[in-house]
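Novice: Data file query-v6.cif (mmCIF, C-alpha atoms) is appended below.
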data_upload
#
loop_
_atom_site.label_atom_id
_atom_site.label_comp_id
_atom_site.auth_asym_id
_atom_site.auth_seq_id
_atom_site.Cartn_x
_atom_site.Cartn_y
_atom_site.Cartn_z
CA MET A 1 182.65 -125.11 5.44
CA ILE A 2 183.37 -126.76 8.78
CA THR A 3 186.00 -129.34 9.53
CA VAL A 4 185.09 -132.15 11.88
CA MET A 5 187.67 -134.49 13.40
CA THR A 6 186.91 -138.11 12.65
CA MET A 7 187.62 -141.03 14.93
CA ASP A 8 186.57 -144.15 13.07
CA ILE A 9 182.95 -143.33 12.17
CA MET A 10 182.24 -140.89 15.00
CA LYS A 11 182.60 -137.16 14.35
CA THR A 12 184.00 -135.17 17.27
CA VAL A 13 184.46 -131.49 18.09
CA SER A 14 185.79 -129.72 21.17
CA LYS A 15 183.48 -127.60 23.34
CA SER A 16 185.45 -124.46 22.53
CA LYS A 17 185.21 -125.00 18.78
CA LEU A 18 181.50 -125.86 19.09
CA LYS A 19 180.88 -122.62 20.98
CA SER A 20 182.44 -120.51 18.25
CA LYS A 21 180.66 -122.26 15.35
CA LEU A 22 177.51 -123.75 16.89
CA LEU A 23 175.16 -122.86 14.03
CA GLU A 24 177.47 -124.42 11.44
CA PHE A 25 177.75 -127.65 13.43
CA LEU A 26 173.98 -127.83 13.95
CA ARG A 27 173.46 -127.40 10.20
CA PHE A 28 176.01 -130.15 9.57
CA VAL A 29 174.17 -132.58 11.87
CA GLU A 30 170.83 -131.66 10.32
CA SER A 31 171.95 -131.99 6.70
CA GLU A 32 174.19 -135.05 7.06
CA GLY A 33 172.12 -136.86 9.67
CA GLU A 34 175.31 -137.87 11.47
CA GLU A 35 175.92 -137.69 15.20
CA LEU A 36 178.42 -135.24 16.58
CA ILE A 37 180.33 -135.99 19.79
CA VAL A 38 181.36 -132.92 21.79
CA THR A 39 184.53 -133.33 23.84
CA ASP A 40 185.97 -131.55 26.86
CA ARG A 41 189.73 -131.99 27.17
CA GLY A 42 189.56 -134.95 24.83
CA LYS A 43 186.80 -136.79 26.71
CA PRO A 44 183.31 -137.16 25.20
CA VAL A 45 180.66 -135.25 27.16
CA VAL A 46 177.68 -134.65 24.84
CA LYS A 47 176.20 -136.28 21.76
CA ILE A 48 174.29 -134.15 19.26
CA SER A 49 172.07 -135.98 16.80
CA LYS A 50 169.31 -135.17 14.38
CA TYR A 51 165.86 -135.38 15.93
CA GLY A 52 163.90 -138.28 14.54
CA ASN A 53 160.26 -139.15 14.82
CA SER A 54 159.43 -142.15 16.98
CA LEU A 55 158.52 -145.34 15.23
CA SER A 56 154.87 -146.35 15.32
CA THR A 57 153.74 -149.47 17.14
CA GLU A 58 153.14 -151.10 13.76
CA GLN A 59 156.71 -150.33 12.66
CA LEU A 60 158.16 -151.66 15.91
CA PHE A 61 156.08 -154.83 16.27
CA GLY A 62 154.55 -155.41 12.82
CA GLN A 63 156.78 -158.41 12.08
CA MET A 64 155.46 -160.15 15.20
CA ARG A 65 151.81 -159.93 14.13
CA GLY A 66 150.30 -163.42 14.16
CA LYS A 67 153.38 -165.01 15.74
CA VAL A 68 152.58 -164.44 19.44
CA LYS A 69 150.53 -167.15 21.17
CA TYR A 70 148.61 -166.69 24.40
CA PHE A 71 148.03 -169.83 26.48
CA GLU A 72 146.02 -168.20 29.28
CA ASP A 73 143.61 -165.34 29.77
CA LEU A 74 145.90 -162.33 30.22
CA THR A 75 143.35 -160.54 32.39
CA THR A 76 143.12 -163.30 35.04
CA PRO A 77 144.68 -162.32 38.40
CA THR A 78 147.85 -164.19 39.30
CA THR A 79 147.63 -163.94 43.09
CA GLU A 80 147.24 -167.70 43.45
CA GLU A 81 150.33 -168.35 41.40
CA TRP A 82 152.48 -165.73 43.15
CA GLY A 83 150.91 -165.65 46.57
CA GLU A 84 149.84 -162.59 48.49
CA LEU A 85 152.49 -159.98 49.24
#
Take the structure in the file and give it back as structure tokens.
Specialist:
Amino acid sequence: MITVMTMDIMKTVSKSKLKSKLLEFLRFVESEGEELIVTDRGKPVVKISKYGNSLSTEQLFGQMRGKVKYFEDLTTPTTEEWGEL
């Protein structure tokens, strides 16, 4: 069983304690899904979090489907509008 210092919601551990019990802390992050902040002399230096799969395009933008309106052809060059560079 590992003990993790808590500051509000964040869990923190010193670099020296992390070094001695790395596997235990990694298992904690994996099982609990919580982030762990590693500190050096009391200052946060590294954040360890559980790896998550990226959201699909549908998950990210699905709520916008049918709500976006295009007023012009998006493939038309805009050089006239912006001028030549």
Novice: Using only C-alpha atoms, which protein or nucleic acid residues come within 7 Å of Ile37 (chain A)? Drop anything in the same chain fewer than 6 positions from it, and give the result as an NGL selection string.
Specialist: :A and (11-13 or 44 or 46-48)
Novice: Quick one, how far is CA of Glu24 (chain A) from CA of Ser54 (chain A)?
Specialist: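 Taking CA of Glu24 (chain A) and CA of Ser54 (chain A), their separation equals 25.9 Å.
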Novice: Work out how far CA of Glu30 (chain A) is from CA of Ser49 (chain A), in Å to one decimal.
Specialist: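 Taking CA of Ser49 (chain A) and CA of Glu30 (chain A), their separation equals 7.9 Å.
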Novice: What's around region 18-22 of chain A at 10 Å? Count all atoms listed in the file, leave out sequence neighbours fewer than 6 positions away in its own chain, and write the answer as a VMD selection string.
Specialist: chain A and resid 2 12 28 38 to 39
Novice: For CA of Val29 (chain A) and CA of Tyr51 (chain A), determine how far apart the two atoms are, in Å to one decimal place.
Specialist: 9.7 Å
Novice: Which residue, A:Lys50, A:Val45, A:Met64, A:Gln59, has the smallest gap to Phe25 (chain A) when you use all atoms listed in the file?
Specialist: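 Of all the options, A:Lys50 lies closest to Phe25 (chain A).
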Novice: Counting all atoms listed in the file, figure out which residue out of A:Asp40, A:Glu58, A:Asn53, A:Thr76 gets nearest to Ser14 (chain A).
Specialist: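 Closest residue, counting all atoms listed in the file: A:Asp40.
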